[in-house]
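Next comes data.txt, a file with compact mmCIF, C-alpha atoms.
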# COMPACT_ATOMS: atom_id res chain seq x y z
CA MET A 1 78.12 18.15 120.54
CA THR A 2 79.75 18.98 123.87
CA PHE A 3 81.68 22.25 123.62
CA ILE A 4 84.95 22.77 125.46
CA SER A 5 85.80 26.35 126.37
CA GLN A 6 89.56 26.01 125.81
CA ASN A 7 89.26 26.54 122.05
CA LEU A 8 85.73 27.22 120.88
CA ALA A 9 86.92 28.51 117.53
CA GLU A 10 88.12 25.07 116.43
CA GLN A 11 84.72 23.61 117.30
CA THR A 12 82.47 26.29 115.81
CA ARG A 13 84.13 27.88 112.77
CA LYS A 14 82.95 25.08 110.50
CA ASP A 15 79.39 26.28 111.11
CA PHE A 16 80.11 29.69 109.55
CA PRO A 17 80.30 29.70 105.73
CA LEU A 18 81.95 33.12 105.53
CA PHE A 19 85.10 31.88 107.22
CA SER A 20 85.81 29.58 104.30
CA ASN A 21 85.93 32.60 101.97
CA GLN A 22 89.06 34.21 100.69
CA CYS A 23 89.81 37.75 99.57
CA SER A 24 90.10 38.70 95.91
CA ASP A 25 93.85 37.96 95.94
CA ASN A 26 93.31 34.54 97.58
CA GLN A 27 94.34 35.68 101.04
CA PRO A 28 92.42 34.15 103.93
CA LEU A 29 89.78 36.48 105.33
CA ILE A 30 90.25 37.57 108.96
CA TYR A 31 87.10 39.14 110.37
CA LEU A 32 87.69 41.26 113.48
CA ASP A 33 84.58 43.44 113.35
CA HIS A 34 82.16 41.35 115.39
CA ALA A 35 81.10 44.35 117.50
CA ALA A 36 79.62 45.90 114.35
CA THR A 37 77.83 42.74 113.21
CA SER A 38 78.30 39.05 113.90
CA GLN A 39 78.69 36.36 111.30
CA LYS A 40 75.88 33.83 110.80
CA PRO A 41 76.11 30.06 111.27
CA GLN A 42 74.69 27.77 108.61
CA GLN A 43 71.88 26.82 110.98
CA VAL A 44 70.54 30.38 110.86
CA ILE A 45 70.92 30.62 107.09
CA ASP A 46 69.07 27.30 106.74
CA ALA A 47 66.26 28.52 109.01
CA LEU A 48 65.70 31.56 106.80
CA ALA A 49 65.70 29.43 103.66
CA HIS A 50 63.32 26.91 105.25
CA TYR A 51 60.79 29.58 106.21
CA TYR A 52 60.73 31.22 102.79
CA SER A 53 60.73 27.93 100.86
CA LYS A 54 58.42 25.85 103.10
CA ASN A 55 56.34 28.02 105.46
CA ASN A 56 56.10 31.47 103.88
CA ALA A 57 52.84 32.98 105.16
CA ASN A 58 51.69 35.79 107.41
CA VAL A 59 51.38 35.08 111.12
CA HIS A 60 48.41 35.12 113.50
CA ARG A 61 45.85 35.97 110.80
CA GLY A 62 45.42 32.96 108.56
CA ALA A 63 43.46 29.79 109.28
CA HIS A 64 45.41 27.68 106.79
CA GLN A 65 48.27 25.35 107.64
CA LEU A 66 51.04 27.55 106.23
CA SER A 67 50.02 30.41 108.52
CA ALA A 68 49.72 28.03 111.46
CA ARG A 69 53.27 26.73 110.91
CA ALA A 70 54.66 30.23 110.44
CA THR A 71 52.91 31.44 113.59
CA GLU A 72 54.19 28.50 115.63
CA ALA A 73 57.78 29.14 114.52
CA PHE A 74 57.48 32.91 115.03
CA GLU A 75 56.04 32.63 118.53
CA GLY A 76 58.52 29.87 119.27
CA ALA A 77 61.28 32.40 118.60
CA ARG A 78 59.66 34.71 121.15
CA GLU A 79 59.75 31.91 123.73
CA ILE A 80 63.42 31.25 122.95
CA THR A 81 64.21 34.96 123.39
CA ALA A 82 62.40 35.07 126.73
CA ASN A 83 64.28 31.98 127.87
CA PHE A 84 67.60 33.47 126.73
CA LEU A 85 67.04 36.40 129.11
CA ASN A 86 65.32 34.39 131.85
CA ALA A 87 62.29 36.64 131.39
CA SER A 88 59.19 35.88 133.45
CA SER A 89 56.97 35.55 130.36
CA SER A 90 57.17 35.69 126.58
CA LYS A 91 54.63 38.54 126.85
CA GLU A 92 57.59 40.65 127.96
CA ILE A 93 59.32 40.27 124.58
CA VAL A 94 58.39 42.80 121.90
CA PHE A 95 59.91 42.22 118.47
CA THR A 96 61.31 45.35 116.82
CA ARG A 97 63.44 46.08 113.76
CA ASN A 98 66.57 46.52 115.89
CA ALA A 99 67.75 47.78 119.26
CA SER A 100 67.46 51.38 118.09
CA GLU A 101 63.74 50.90 117.51
CA ALA A 102 63.40 49.23 120.91
CA ILE A 103 64.90 52.30 122.61
CA ASN A 104 62.74 54.63 120.53
CA LEU A 105 59.68 52.60 121.53
CA VAL A 106 60.39 53.28 125.20
CA ALA A 107 61.17 56.94 124.54
CA HIS A 108 57.88 57.49 122.71
CA SER A 109 55.52 55.17 124.52
CA TRP A 110 56.77 55.42 128.09
CA GLY A 111 58.51 58.79 127.82
CA ASP A 112 55.76 60.77 126.08
CA SER A 113 53.15 59.50 128.52
CA GLN A 114 55.17 59.82 131.72
CA LEU A 115 57.59 62.74 131.54
CA GLU A 116 57.05 66.41 132.25
CA PRO A 117 59.22 69.55 132.28
CA GLY A 118 61.80 69.25 135.04
CA ASP A 119 62.02 65.45 134.90
CA GLU A 120 65.46 64.07 134.10
CA ILE A 121 66.83 61.31 131.89
CA LEU A 122 70.32 60.19 132.89
CA LEU A 123 72.72 58.80 130.26
CA THR A 124 76.50 58.26 130.15
CA LEU A 125 79.29 59.70 127.99
CA MET A 126 79.99 56.25 126.53
CA GLU A 127 76.56 55.76 124.93
CA HIS A 128 75.97 54.78 121.32
CA HIS A 129 74.06 57.43 119.37
CA SER A 130 71.01 55.14 119.46
CA ASN A 131 70.90 55.66 123.22
CA ILE A 132 71.35 59.43 123.00
CA VAL A 133 69.31 60.78 120.11
CA PRO A 134 65.91 59.29 121.13
CA TRP A 135 66.22 60.95 124.54
CA GLN A 136 67.26 64.28 123.02
CA LEU A 137 64.13 64.15 120.84
CA LEU A 138 62.06 63.23 123.90
CA ALA A 139 63.45 66.23 125.76
CA LYS A 140 62.32 68.52 122.94
CA ARG A 141 58.83 67.01 123.01
CA THR A 142 58.30 67.00 126.78
CA GLY A 143 60.65 69.57 128.28
CA CYS A 144 62.54 66.98 130.31
CA LEU A 145 66.29 67.34 130.81
CA VAL A 146 68.99 64.95 129.57
CA ARG A 147 72.08 64.69 131.78
CA TYR A 148 75.27 62.63 131.41
CA VAL A 149 77.44 60.62 133.79
CA GLY A 150 81.18 60.94 133.22
CA ILE A 151 83.92 58.32 132.96
CA THR A 152 87.10 57.72 134.95
CA GLU A 153 90.65 58.14 133.69
CA ASN A 154 90.92 54.44 132.83
CA GLY A 155 87.67 54.47 130.85
CA LYS A 156 85.14 53.07 133.28
CA LEU A 157 81.86 54.59 134.41
CA ASP A 158 82.36 57.14 137.17
CA LEU A 159 80.14 55.72 139.90
CA ASP A 160 80.79 58.70 142.16
CA ASP A 161 79.49 61.03 139.46
CA LEU A 162 76.50 58.72 138.96
CA GLN A 163 75.56 58.99 142.62
CA VAL A 164 75.88 62.77 142.49
CA LYS A 165 73.62 63.07 139.45
CA LEU A 166 70.95 60.58 140.51
CA ASN A 167 68.26 62.55 142.32
CA LYS A 168 64.51 62.60 142.97
CA ARG A 169 63.91 64.18 139.53
CA THR A 170 65.65 61.28 137.71
CA ARG A 171 62.94 59.23 136.01
CA LEU A 172 65.10 56.94 133.88
CA LEU A 173 68.73 55.86 133.71
CA SER A 174 69.51 54.47 130.25
CA LEU A 175 72.98 53.03 129.75
CA VAL A 176 75.07 50.53 127.87
CA HIS A 177 76.05 47.22 129.48
CA VAL A 178 79.35 46.85 127.59
CA SER A 179 80.71 49.87 125.74
CA ASN A 180 81.30 49.28 122.03
CA THR A 181 84.33 51.59 122.22
CA LEU A 182 85.79 51.39 125.72
CA GLY A 183 84.96 47.73 126.20
CA CYS A 184 84.19 48.35 129.87
CA CYS A 185 81.42 46.29 131.47
CA ASN A 186 79.25 48.39 133.75
CA PRO A 187 78.23 46.92 137.15
CA ILE A 188 74.52 46.85 136.38
CA LYS A 189 73.18 45.32 139.61
CA GLU A 190 74.93 47.98 141.69
CA ILE A 191 73.81 50.73 139.29
CA THR A 192 70.21 49.49 139.26
CA ASN A 193 70.06 49.53 143.05
CA LEU A 194 71.26 53.14 143.07
CA ALA A 195 68.71 54.16 140.45
CA HIS A 196 65.79 52.37 142.10
CA ASN A 197 66.66 54.02 145.42
CA VAL A 198 65.67 57.39 143.92
CA GLY A 199 62.65 55.95 142.10
CA ALA A 200 64.23 55.85 138.62
CA LEU A 201 63.75 53.08 136.07
CA VAL A 202 66.70 51.47 134.25
CA LEU A 203 67.01 50.70 130.55
CA LEU A 204 69.93 48.53 129.50
CA ASP A 205 71.44 48.62 126.01
CA ALA A 206 72.77 45.05 125.92
CA CYS A 207 73.82 44.87 122.28
CA GLN A 208 77.51 44.33 123.10
CA SER A 209 76.96 41.89 125.96
CA LEU A 210 74.17 39.50 124.98
CA ALA A 211 76.36 37.36 122.70
CA HIS A 212 79.29 37.31 125.13
CA GLN A 213 77.98 36.62 128.64
CA SER A 214 74.90 35.26 130.39
CA ILE A 215 72.25 37.88 131.17
CA ASP A 216 69.37 37.35 133.58
CA VAL A 217 67.00 40.32 133.52
CA ASN A 218 65.42 39.37 136.83
CA ASP A 219 68.76 38.99 138.56
CA LEU A 220 69.90 42.38 137.24
CA SER A 221 66.59 43.93 138.43
CA ILE A 222 66.46 46.21 135.36
CA ASP A 223 63.21 47.50 133.86
CA PHE A 224 63.92 47.56 130.10
CA LEU A 225 66.48 45.85 127.84
CA ALA A 226 67.22 46.42 124.15
CA GLY A 227 68.82 43.75 121.99
CA SER A 228 69.66 43.28 118.31
CA SER A 229 69.68 40.02 116.35
CA HIS A 230 72.53 40.85 113.98
CA LYS A 231 74.98 41.05 116.90
CA LEU A 232 73.77 37.65 118.14
CA CYS A 233 74.66 35.54 115.08
CA GLY A 234 71.14 36.18 113.80
CA PRO A 235 69.71 37.99 110.75
CA THR A 236 69.57 41.73 110.29
CA GLY A 237 66.27 43.61 110.43
CA VAL A 238 64.99 42.28 113.75
CA GLY A 239 65.65 43.01 117.40
CA PHE A 240 63.66 43.10 120.61
CA LEU A 241 62.63 45.03 123.64
CA TRP A 242 62.27 43.23 126.94
CA ALA A 243 60.32 45.07 129.62
CA LYS A 244 58.51 44.18 132.80
CA GLU A 245 54.96 43.15 131.99
CA ALA A 246 53.41 45.76 134.29
CA LEU A 247 55.30 48.53 132.50
CA LEU A 248 54.26 47.31 129.06
CA ASP A 249 50.65 47.02 130.21
CA ALA A 250 50.62 50.66 131.28
CA MET A 251 52.34 51.99 128.14
CA PRO A 252 50.30 53.16 125.13
CA PRO A 253 51.06 51.75 121.65
CA PHE A 254 54.05 53.04 119.75
CA LEU A 255 52.83 52.52 116.17
CA GLY A 256 49.31 52.03 114.80
CA GLY A 257 48.17 49.55 112.18
CA GLY A 258 47.22 45.95 111.72
CA GLU A 259 47.96 43.29 114.33
CA MET A 260 48.23 45.71 117.28
CA ILE A 261 44.47 46.23 117.49
CA GLN A 262 41.64 44.33 119.10
CA GLU A 263 38.77 46.21 117.46
CA VAL A 264 38.62 49.23 115.17
CA PHE A 265 35.64 51.60 114.98
CA LEU A 266 35.30 54.81 113.00
CA ASP A 267 35.93 56.97 116.05
CA HIS A 268 38.24 54.85 118.18
CA SER A 269 40.14 51.58 118.48
CA THR A 270 41.07 49.14 121.21
CA TRP A 271 44.42 47.42 121.56
CA ALA A 272 45.56 43.82 121.36
CA ASP A 273 47.02 42.04 124.37
CA LEU A 274 50.75 42.00 125.06
CA PRO A 275 53.08 41.87 123.31
CA HIS A 276 51.13 42.42 120.08
CA LYS A 277 49.99 45.88 121.18
CA PHE A 278 53.48 47.08 120.18
CA GLU A 279 53.90 45.09 116.96
CA ALA A 280 52.03 46.98 114.25
CA GLY A 281 51.94 45.50 110.76
CA THR A 282 53.54 42.42 109.32
CA PRO A 283 56.71 41.62 111.30
CA ALA A 284 60.05 40.33 110.08
CA ILE A 285 58.83 36.75 110.39
CA GLY A 286 61.69 34.81 108.82
CA GLU A 287 64.23 37.03 110.52
CA ALA A 288 62.65 36.53 113.97
CA ILE A 289 62.66 32.77 113.40
CA GLY A 290 66.32 32.99 112.38
CA MET A 291 67.11 34.98 115.52
CA GLY A 292 65.50 32.27 117.61
CA VAL A 293 67.75 29.67 115.97
CA ALA A 294 70.79 31.90 116.62
CA LEU A 295 69.94 32.29 120.30
CA ARG A 296 69.46 28.55 120.67
CA TYR A 297 72.82 28.02 118.95
CA LEU A 298 74.54 30.32 121.48
CA GLN A 299 72.79 28.56 124.35
CA GLU A 300 73.95 25.16 123.11
CA ILE A 301 77.55 26.38 123.11
CA GLY A 302 77.09 28.00 126.52
CA LEU A 303 77.53 31.69 127.28
CA ASP A 304 79.95 30.92 130.13
CA LYS A 305 82.19 28.96 127.74
CA ILE A 306 81.98 31.76 125.19
CA HIS A 307 83.02 34.31 127.80
CA ALA A 308 85.93 32.16 128.99
CA TRP A 309 87.35 31.71 125.47
CA GLU A 310 86.88 35.37 124.55
CA LYS A 311 88.55 36.43 127.79
CA LYS A 312 91.65 34.45 126.78
CA LEU A 313 91.58 36.01 123.31
CA THR A 314 91.19 39.53 124.71
CA GLN A 315 94.14 39.11 127.06
CA HIS A 316 96.28 37.94 124.14
CA LEU A 317 95.14 40.87 122.00
CA PHE A 318 95.95 43.43 124.69
CA GLN A 319 99.36 41.90 125.39
CA GLY A 320 100.26 42.31 121.74
CA LEU A 321 98.93 45.86 121.45
CA GLU A 322 100.82 46.97 124.57
CA GLU A 323 104.09 46.09 122.84
CA ILE A 324 103.49 48.57 120.00
CA ASN A 325 105.14 51.97 120.38
CA GLY A 326 102.92 55.03 120.15
CA ILE A 327 99.63 53.20 120.65
CA LYS A 328 96.88 54.28 123.02
CA VAL A 329 94.16 51.75 123.83
CA PHE A 330 90.94 53.12 125.29
CA GLY A 331 89.12 51.64 128.25
CA PRO A 332 90.23 49.31 131.04
CA SER A 333 92.63 46.47 130.34
CA PRO A 334 91.62 42.84 131.01
CA GLN A 335 93.72 43.05 134.17
CA GLU A 336 91.77 46.09 135.36
CA GLN A 337 88.36 44.60 134.57
CA LYS A 338 87.87 40.85 134.18
CA LYS A 339 84.46 41.10 132.49
CA ARG A 340 85.44 43.71 129.89
CA GLY A 341 84.24 43.29 126.32
CA ALA A 342 86.18 41.29 123.73
CA LEU A 343 87.41 44.30 121.79
CA ALA A 344 90.22 46.84 121.70
CA THR A 345 89.80 50.41 120.45
CA PHE A 346 93.01 52.31 119.81
CA ILE A 347 94.74 55.22 118.14
CA ILE A 348 98.30 55.57 116.83
CA LYS A 349 100.03 58.92 117.24
CA ASP A 350 100.09 60.94 113.99
CA ILE A 351 98.33 58.19 111.98
CA HIS A 352 94.66 58.31 110.98
CA ALA A 353 92.58 55.29 111.96
CA ASN A 354 91.09 55.07 108.45
CA ASP A 355 94.56 54.63 106.96
CA ILE A 356 95.27 51.78 109.39
CA SER A 357 91.97 50.11 108.52
CA ALA A 358 92.51 50.49 104.77
CA LEU A 359 95.99 48.94 104.85
CA LEU A 360 94.79 46.04 106.98
CA ASP A 361 91.87 45.50 104.62
CA SER A 362 94.30 45.23 101.70
CA ASN A 363 95.74 42.24 103.56
CA GLY A 364 92.38 40.60 104.20
CA ILE A 365 91.88 41.84 107.77
CA CYS A 366 88.55 43.49 108.59
CA ILE A 367 88.51 45.96 111.49
CA ARG A 368 86.45 49.08 112.17
CA SER A 369 87.57 52.70 112.00
CA GLY A 370 85.67 55.89 112.71
CA HIS A 371 83.77 57.14 115.75
CA HIS A 372 81.78 53.90 116.20
CA CYS A 373 78.56 55.92 116.65
CA CYS A 374 80.08 57.44 119.80
CA GLN A 375 80.96 60.99 118.80
CA PRO A 376 80.53 62.54 122.29
CA LEU A 377 82.94 59.96 123.72
CA HIS A 378 85.52 60.68 121.01
CA ARG A 379 85.18 64.41 121.66
CA HIS A 380 85.83 63.68 125.33
CA TYR A 381 89.16 62.14 124.31
CA ASN A 382 89.77 64.91 121.76
CA VAL A 383 90.05 62.51 118.83
CA ASN A 384 88.05 62.34 115.61
CA SER A 385 88.27 58.61 115.05
CA SER A 386 89.79 55.41 116.33
CA ALA A 387 90.43 51.87 115.14
CA ARG A 388 88.72 48.88 116.70
CA ALA A 389 89.40 45.15 116.57
CA SER A 390 86.55 43.11 118.03
CA LEU A 391 86.44 39.38 118.67
CA SER A 392 84.00 36.53 119.04
CA PHE A 393 84.08 32.87 120.07
CA THR A 394 85.00 32.06 116.45
CA SER A 395 88.18 34.16 116.62
CA THR A 396 91.54 32.43 116.94
CA ILE A 397 94.92 33.16 118.49
CA SER A 398 96.54 32.87 115.05
CA GLU A 399 94.17 35.50 113.63
CA ILE A 400 95.14 37.88 116.42
CA ASN A 401 98.83 37.20 115.83
CA GLN A 402 98.47 37.93 112.12
CA PHE A 403 96.50 41.10 112.87
CA LEU A 404 99.22 42.31 115.23
CA GLU A 405 101.96 41.64 112.69
CA GLU A 406 100.09 43.39 109.89
CA LEU A 407 99.26 46.29 112.21
CA LYS A 408 102.96 46.80 112.98
CA SER A 409 103.77 46.67 109.27
CA ALA A 410 101.02 49.17 108.47
CA ILE A 411 102.29 51.57 111.15
CA ASP A 412 105.88 51.32 109.86
CA PHE A 413 104.73 51.94 106.28
CA LEU A 414 102.57 54.93 107.16
CA LYS A 415 105.28 56.54 109.30
CA LYS A 416 107.87 56.16 106.56
CA ASN A 417 105.53 57.66 103.98
CA SER A 418 104.03 60.44 106.06

What does the file become when written as C-alpha cells?
Amino acid sequence: MTFISQNLAEQTRKDFPLFSNQCSDNQPLIYLDHAATSQKPQQVIDALAHYYSKNNANVHRGAHQLSARATEAFEGAREITANFLNASSSKEIVFTRNASEAINLVAHSWGDSQLEPGDEILLTLMEHHSNIVPWQLLAKRTGCLVRYVGITENGKLDLDDLQVKLNKRTRLLSLVHVSNTLGCCNPIKEITNLAHNVGALVLLDACQSLAHQSIDVNDLSIDFLAGSSHKLCGPTGVGFLWAKEALLDAMPPFLGGGEMIQEVFLDHSTWADLPHKFEAGTPAIGEAIGMGVALRYLQEIGLDKIHAWEKKLTQHLFQGLEEINGIKVFGPSPQEQKKRGALATFIIKDIHANDISALLDSNGICIRSGHHCCQPLHRHYNVNSSARASLSFTSTISEINQFLEELKSAIDFLKKNS
C-alpha cells in the first residue's frame, strides 16, 4: 500500500484492533496518550502469536529447527533495528528490557569503568526520571558530579547555559531528543558538536522521537541512543541500546549469566562477542521479534509522512487549546518550533489535572495527568501535576475536536462545582 501523508489515520487505523473498541457505555474510545505507550497494529499482535504458536524455542543454543527459526527471527529483528537507525552494524544493537535498562547499562558499564571523582555528567531539567536516577546512583558510586542545563522561558533547552556548563571535566552529556512534557525537539547535531568539542560523549534518550521522525545515528554523530519498543507500536518488555561498536567493545559486561559468556572456568570467565556480551540470560524473544515487525511497519508508512501528518494534527490541537481561557500550555508552540513533538501539556488555573483527566475518561477520552516522570521540571514551573494529550499518526482531526469540546465542558463543570 502506498501511504499518503495528508491523512494517515484513515489509512492506518484499520490495522489497530483497539480503535474498534468502545467504552463500557458504548461511547467510542479516543486514545490521546500515545506518549505513554503506543497502540499495536494487528501485524505485531500476529507476530507474537506466530512465534509462541509456531517457533517457540530458545535462541542461539539449540541445534533443532525450532531454535534455528527462532534465532533467525530474533536476529532479523536486530538487523531491522539497526537499519531503522542507519547504524553501521547490527553488532551495535543491544536488546534490553526497555530504554531505562539501556541507560542503566551505560551508567554501570561505561560509567563505573570510566568515571572518577571530579568528572561531570551533564543532564537537562527536562529529563525523564529514567535519565536522572541512573546518573545520581553513578555519582554516589564514583564520586562524579551531576549537573543540569536549564530551559528558556518558552520551554526550550537553554543553549547558552549548555555552553557555559560544558567544560573539560564533562565526560557525558545525556539528554532527551523530544521532551515528553514540553514537546520541544532539541537540536542534537549542534549539541553533539558542542559536547564533542570538550571531549564529552553524548547519550540520546530517543523514546519520544523514534516513532515520529527519521533518526540517523551517524548523521547525528551521537555515541549512545536508548529506545523502547512499546512507544514504537511494538510490545512491552523490550527495548534497545545503540552504541558505537568501539565503545561497546571497550565496555565490561553489565549483567552476568548465560549467553553473555564465551567460556566459564571456576576462577574466571571470558565474554561473548558483541552484542551478546551485554545480553545475559534468555531474552524477550517474541517481544523482540514483534518490535522488529513494528519498526518495519513504521518504515513502510514512512517516518517523513508520519511527521507531516502529526505536524498538522499538533497545529490543530494548539489552535484549539489557545482559545480556552485560563489555560497554560508548556513548551514551544508549533509556530515557535516546527519539529516539536506531537503533544500538548497544560494546566488550568485552579483546577487539578487529575480532575480534568477523570472527567474526560468518563467520556471515553484517554489523556495523561500527573508529573509524567518529570518531577524536577514540574518543580521548576512550581506545579505538582499537569495534563497531557499526545498524538500519533492514527489520531484524527475529529478526535481532537471532540477532545477540545469535552475539555471545555469539563472545565466549566469543575469551575461551577468548585

Between atom CA of A:Ser228 and atom CA of A:Asn354 lies a distance of 26.4 Å

Shell around stretch 71-85 of chain A at 9 Å using all atoms listed in the file, local window under 3 positions removed, as an MDAnalysis selection string: chainID A and resid 51 57:61 66:68 88:95 210 214:218 240 242 285:286 288:293 295:296 299

Mind giving me the straight-line distance from atom CA of A:Leu360 to atom CA of A:Phe318 in Å, one decimal?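 These two atoms are separated by 17.9 Å.
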
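Proximity ranking of A:Leu343, A:Ala9, A:Ala272, A:Cys144 relative to A:Cys185 places A:Leu343 first, based on only C-alpha atoms.
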
Kindly indicate which residue among A:Trp271, A:Phe393, A:Cys366, A:Asp119 lies nearest to A:Gln11, using all atoms listed in the file for the distances.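 Closest candidate: A:Phe393.
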
If you count only C-alpha atoms, which residues fall within 10 Å of stretch 26-38 of chain A, apart from same-chain ones fewer than 5 positions away, as number ranges by chain? A: 18-21, 179-181, 207-209, 211, 228-236, 341-343, 360-369, 372, 388-396, 398-400, 402-403

Any chance you can output those residues with C-alpha atoms as a short mmCIF file (atom, residue, chain, number, x, y, z; two decimals), keeping the file's coordinate frame?
data_model
loop_
_atom_site.label_atom_id
_atom_site.label_comp_id
_atom_site.auth_asym_id
_atom_site.auth_seq_id
_atom_site.Cartn_x
_atom_site.Cartn_y
_atom_site.Cartn_z
CA LEU A 18 81.95 33.12 105.53
CA PHE A 19 85.10 31.88 107.22
CA SER A 20 85.81 29.58 104.30
CA ASN A 21 85.93 32.60 101.97
CA SER A 179 80.71 49.87 125.74
CA ASN A 180 81.30 49.28 122.03
CA THR A 181 84.33 51.59 122.22
CA CYS A 207 73.82 44.87 122.28
CA GLN A 208 77.51 44.33 123.10
CA SER A 209 76.96 41.89 125.96
CA ALA A 211 76.36 37.36 122.70
CA SER A 228 69.66 43.28 118.31
CA SER A 229 69.68 40.02 116.35
CA HIS A 230 72.53 40.85 113.98
CA LYS A 231 74.98 41.05 116.90
CA LEU A 232 73.77 37.65 118.14
CA CYS A 233 74.66 35.54 115.08
CA GLY A 234 71.14 36.18 113.80
CA PRO A 235 69.71 37.99 110.75
CA THR A 236 69.57 41.73 110.29
CA GLY A 341 84.24 43.29 126.32
CA ALA A 342 86.18 41.29 123.73
CA LEU A 343 87.41 44.30 121.79
CA LEU A 360 94.79 46.04 106.98
CA ASP A 361 91.87 45.50 104.62
CA SER A 362 94.30 45.23 101.70
CA ASN A 363 95.74 42.24 103.56
CA GLY A 364 92.38 40.60 104.20
CA ILE A 365 91.88 41.84 107.77
CA CYS A 366 88.55 43.49 108.59
CA ILE A 367 88.51 45.96 111.49
CA ARG A 368 86.45 49.08 112.17
CA SER A 369 87.57 52.70 112.00
CA HIS A 372 81.78 53.90 116.20
CA ARG A 388 88.72 48.88 116.70
CA ALA A 389 89.40 45.15 116.57
CA SER A 390 86.55 43.11 118.03
CA LEU A 391 86.44 39.38 118.67
CA SER A 392 84.00 36.53 119.04
CA PHE A 393 84.08 32.87 120.07
CA THR A 394 85.00 32.06 116.45
CA SER A 395 88.18 34.16 116.62
CA THR A 396 91.54 32.43 116.94
CA SER A 398 96.54 32.87 115.05
CA GLU A 399 94.17 35.50 113.63
CA ILE A 400 95.14 37.88 116.42
CA GLN A 402 98.47 37.93 112.12
CA PHE A 403 96.50 41.10 112.87
#

Could you list, as a list in words, every residue within 7 Å of A:Gly227, counting only C-alpha atoms and ignoring same-chain residues fewer than 5 positions away? Ala99, Asp205, Ala206, Cys207, Gly239, Phe240 and Leu241 of chain A

Residue nearest A:Leu125 - candidates A:Pro334, A:Gly150, A:Pro41, A:Gly258, atoms counted: all atoms listed in the file: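 Of A:Pro334, A:Gly150, A:Pro41, A:Gly258, the one nearest A:Leu125 is A:Gly150, counting all atoms listed in the file.
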
Within 6 Å of (83.7, 59.6, 113.9), in the coordinates the file gives, what residues turn up when you count all atoms listed in the file, written out as an MDAnalysis selection string? chainID A and resid 370:371 375 384:385

What does the distance between atom CA of A:Gln42 and atom CA of A:Pro17 come to in Å, to one decimal place? 6.6 Å

Minimum-distance residue to A:Asp15, chosen among A:His196, A:His129, A:Arg340, A:Lys40 (using only C-alpha atoms):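 Smallest distance to A:Asp15 is found for A:Lys40.
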
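Among the candidates A:Gly302, A:Gly237, A:Pro332, A:Pro283, the one nearest to A:Arg97 when counting all atoms listed in the file is A:Gly237.
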
Closest of A:Ala280, A:Ala226, A:Ile151, A:Val178 to A:Ser130, counting all atoms listed in the file, is A:Ala226

Which residues are near A:Phe278? Cut-off 8 Å, only C-alpha atoms, ignore same chain within fewer than 6 positions. Put them as a PyMOL selection string. chain A and resi 94+253-255+260

Grab all the atoms of stretch 51-65 of chain A that the file lists, wrap them in a box along x, y and z, add 3 Å per side, and give me centre plus edge lengths in Å (one decimal) as JSON.
{"center_x": 52.1, "center_y": 30.7, "center_z": 107.2, "size_x": 23.3, "size_y": 16.6, "size_z": 18.6}

Give me the residues within 12 Å of A:Ile4 as a ChimeraX atom specification, counting only C-alpha atoms and dropping any in the same chain fewer than 5 places off. /A:9-12,300-309,393
